[in-house]
Amino acid sequence: MTLDLAQFHEAFFQESFEALDSMESALLALSAGGTADPETINTIFRVAHSIKGGAATFGFSRITTIAHTAETLLDQLRSNKRTVTPRIVDLLLGVVDVMRDMLASTQQGTRTVPVHLPTLIADLEAIIADNVGNGAVGSGGATNVDPSAGQPRPATPAAPAGGDVAGWKIRFVPGPQMLVHGNDPLRLLQELEALGPVTASVDAARLPPLADLDVEQCVLSWAVRLDAPATIDQVRQVFDWADGDCELEFEPILRPAPTSVATLVVPAPVAAQAETATASPVDGAAGAEATARHAAAPETSIRVSIDKIDELMNTVGELVITQSMLSQCATQLEGHTADELRGGLAQLERQMRALQESVMRVRMLPISFVFNRFPRMVRDLGQKLGKHIELKLIGEQTELDKTVLEKIGDPLVHLVRNSVDHGLESAEKRVAAGKNPTGTITLNAYHKGGNVTVEVSDDGGGLDRDKILRKARERGLVGADEELTDERVYNLIFAPGFSTADVVSDVSGRGVGMDVVRRNISELGGHIQVLSEPGQGTTVRVRLPLTLAILDGQLVRVGEETYVVPLVAIVETIQVKADRVSSIAGQAEVFRLRDDYLPIVRLYDLFGIEPRTTNLLEGLLMIVEADGRRVGLFVDDLLAQQQVVIKSLETNFRQVPGLAGATMLGDGHVALIIDVPGLIMSVEHGSHRAPLLAQAAAA
């Protein structure tokens with residue numbers, strides 16, 4: 001029977017991508033002037049070592065080659081044969097990029113080789129062979145050869161200074177799934193030989209009769225003796241790749257303490273027991289308990305398809321609707337039994353809310369998954385533009401729905417690039433202005449009012465209000481005599497094609513980024529705000545919903561219909577006064593709200609329904625905002641605030657301008673959810689004068 005290793009490819013790719021992220025973070029810490037402590041170097045080394053071992057197991061030879069070359073250089077660093085330099089960090093970051101690309105292409109089945117791979121390997125090998133000023137043994141120094149891989153291994157690490165360890169006794173018991181997961185016990189023992197002489201004896205006590213043998217299960221174990229003064233970390237790293245697939249016990253072999261009185265002698269039975277294949281170096285109840293604890297160690301996480309979570313979320317949403325319907329029916333019943341029923345349904349409502357929140361938390365991921373891409377990007381852009389930049393990340397553990405997290409990445413990239421290029425001045429200009437030559441960009445995420453706020457701030461020169469206004473007037477976006485507030489002027493940077501850059505570069509200047517940012521944020525049901533102070537810097541504040549599956553909404557009554565307006569879009573609700581309403585050209589209506597004039601949108605006209613009243617004085621005007629623009633929605637009455645499960649109109653009907661979806665209310669009726677950004681856009685285009693549902697039906 002041949003084991004099909006392809007079934008483990010996806011797990012290898014996912015774990016390797018995550019490991020490369022940690023390797024990149026550690027390298028960026030070194031690049032930023034962080035201390036080259038042994039743990040940081042070991043973290044980087046372990047990633048290269050693990051990817052090399054996995055790639056070799058699956059036959060990904062080119063990935064094995066680049067990982068092995070990087071591992072050799074890293075071994076020189078961790079054994080203090082070489083010091084960390086900016087050149088080495090740059091090359092190792094290049095290794096991260098290349099391995100990430102090669103893993104992605106291998107995952108897709110193309111196995112494309114980056115054109116600069118030979119050059120990168122040559123540069124790495126040149127540094128490995130260049131020993132000037134490093135006190136290192138050259139590349140022609142002693143190496144151990146792995147006969148299974150045919151590749152040279154790093155020389156045996158030196159003994160720890162002042163250590164008393166002469167070697168290690170290791171009990172190595174592979175788990176039943178070790179071979180299934182693609183790990184090779186023989187290869188691990190060969191890896192151990194890189195540290196020094198190894199003697200191993202096999203325990204075949206678990207070997208069943210040949211007829212009962214399962215070739216996919218490892219039933220052998222080994223008692224191993226390593227005669228080398230290695231540290232416990234160096235020994236453990238050999239078995240890192242098989243972590244969780246085996247039982248390991250380590251016992252140090254100590255050097256005899258020098259004394260003029262007596263010589264320390266290890267009793268023969270103990271020594272024999274440690275080296276006998278069938279015996280354990282740990283005896284008695286303590287050893288049994290240690291083994292039991294290791295075997296019973298629970299998994300801390302599992303990988304689940306997002307489709308399964310979405311299906312679970314949808315089912316929970318349906319249960320919430322059913323529970324709400326039952327609660328409404330129970331209000332119409334009377335008697336003692338009805339009271340008990342209502343009490344039970346109230347308890348069910350609490351439990352359903354807890355279940356709903358639990359399922360939502362399953363979909364939540366920390367925003368660090370997005371933030372972690374920026375240290376590398378800011379470093380590279382700073383080097384390219386000749387700017388000294390410090391990046392601060394705050395609130396990295398703030399959680400967002402996975403769907404929102406995936407869609408917020410690109411807008412944040414545009415905002416950060418804009419801060420690096422336009423926001424921060426050059427070091428010379430900063431010094432001339434009395435600032436620190438190193439500019440600071442801050443990414444901050446935090447929960448506020450049931451939403452998540454993400455801020456991108458810089459301590460640069462701030463937005464040039466006069467320049468923005470002048471460019472906007474040149475393009476006809478603003479009238480020659482029109483006066484705008486600071487907020488409206490700053491919002492002009494989101495206009496399509498708008499740019500204040502005097503020179504177009506490959507970083508920015510074409511005016512195609514910020515309008516995409518606003519559109520993407522709006523599609524997420526979010527809101528964006530720009531704050532700036534001349535000479536002090538700029539902050540772009542993005543407010544996002546926690547999830548796209550559930551919405552906090554305000555129910556409103558229009559005629560006999562109920563609509564849902566997202567709470568995040570509502571500014572205020574007011575009663576209309578006649579002296580504040582005006583008509584423009586006998587058609588459009590506007591309402592004066594303090595110093596601003598807002599268009600009035602009559603929802604009954606918008607959706608072609610019979611209103612309770614057409615008199616503005618008898619209803620309410622709900623002020624809603626999106627993309628820095630406001631309108632007033634005329635509604636009959638406000639109902640309750642409610643968390644609703646969003647159902648897609650596009651999936652079940654078709655896309656309708658001004659509507660974000662629909663939901664099922666507790667009484668079984670369907671309520672349409674207002675898409676505030678789309679509605680405001682239809683107002684600007686004049687299409688709101690015809691019923692939107694009629695437009696959609698005719699499309």
# chains A, B, ... in the order shown; residues from 1 in each chain; ligands from 1
>>> closest_atom_pairs(of="region 58-100 of chain A", to="region 357-381 of chain A", cutoff="12 Å", atoms="only C-alpha atoms", output="Markdown table")
| residue | atom | partner | partner_atom | distance |
| --- | --- | --- | --- | --- |
| A:Val89 | CA | A:Arg376 | CA | 11.8 |
| A:Asp90 | CA | A:Asp380 | CA | 10.0 |
| A:Leu93 | CA | A:Arg376 | CA | 8.9 |
| A:Gly94 | CA | A:Arg376 | CA | 11.2 |
| A:Val96 | CA | A:Arg376 | CA | 11.1 |
| A:Asp97 | CA | A:Arg376 | CA | 10.7 |
>>> atom_distance(atom1="CA of Arg236 (chain A)", atom2="CA of Ala26 (chain A)")
20.3 Å
>>> residues_around(residues="Gln177 (chain A)", least_positions_apart="4", cutoff="8 Å", atoms="only C-alpha atoms", output="ChimeraX atom specification")
/A:181,216-218,245
>>> write_last_selection(atoms="N, CA and C atoms", output="mmCIF file, in the first residue's frame")
data_model
loop_
_atom_site.group_PDB
_atom_site.id
_atom_site.type_symbol
_atom_site.label_atom_id
_atom_site.label_comp_id
_atom_site.auth_asym_id
_atom_site.auth_seq_id
_atom_site.Cartn_x
_atom_site.Cartn_y
_atom_site.Cartn_z
ATOM 1 N N HIS A 181 1.126 11.680 8.761
ATOM 2 C CA HIS A 181 1.355 13.121 8.631
ATOM 3 C C HIS A 181 2.623 13.455 7.863
ATOM 4 N N GLU A 216 0.817 2.099 7.719
ATOM 5 C CA GLU A 216 0.688 3.537 7.929
ATOM 6 C C GLU A 216 0.860 3.921 9.395
ATOM 7 N N GLN A 217 1.070 2.942 10.270
ATOM 8 C CA GLN A 217 1.261 3.215 11.684
ATOM 9 C C GLN A 217 2.681 2.866 12.094
ATOM 10 N N CYS A 218 3.291 3.766 12.871
ATOM 11 C CA CYS A 218 4.640 3.511 13.374
ATOM 12 C C CYS A 218 4.521 2.854 14.742
ATOM 13 N N ASP A 245 3.239 14.711 17.294
ATOM 14 C CA ASP A 245 3.123 13.376 16.685
ATOM 15 C C ASP A 245 3.995 12.349 17.391
#
>>> residues_around(residues="region 104-110 of chain A", least_positions_apart="3", cutoff="12 Å", atoms="only C-alpha atoms", output="list in words")
Ala6, Phe8, His9, Glu10, Ala11, Phe12, Phe13, Gln14, Ser16, Phe17, Ala55, Phe58, Gly59, Phe60, Ser61, Arg62, Ile63, Asp97, Val98, Met99, Arg100, Asp101, Val113 and Pro114 of chain A
>>> residues_around(residues="Leu477 (chain A)", least_positions_apart="6", cutoff="9 Å", atoms="only C-alpha atoms", output="MDAnalysis selection string")
chainID A and resid 471 492 495
>>> residues_around(residues="region 387-391 of chain A", least_positions_apart="3", cutoff="6 Å", atoms="only C-alpha atoms", output="compact mmCIF listing (two decimals) with C-alpha atoms, in the first residue's frame")
# COMPACT_ATOMS: atom_id res chain seq x y z
CA GLY A 382 10.58 54.18 3.31
CA SER A 426 11.52 64.16 4.04
CA THR A 438 12.00 59.95 11.74
CA GLY A 439 8.32 60.17 10.87
CA THR A 440 5.68 58.08 12.62
CA ILE A 441 2.71 56.24 11.13
CA THR A 442 0.23 54.74 13.58
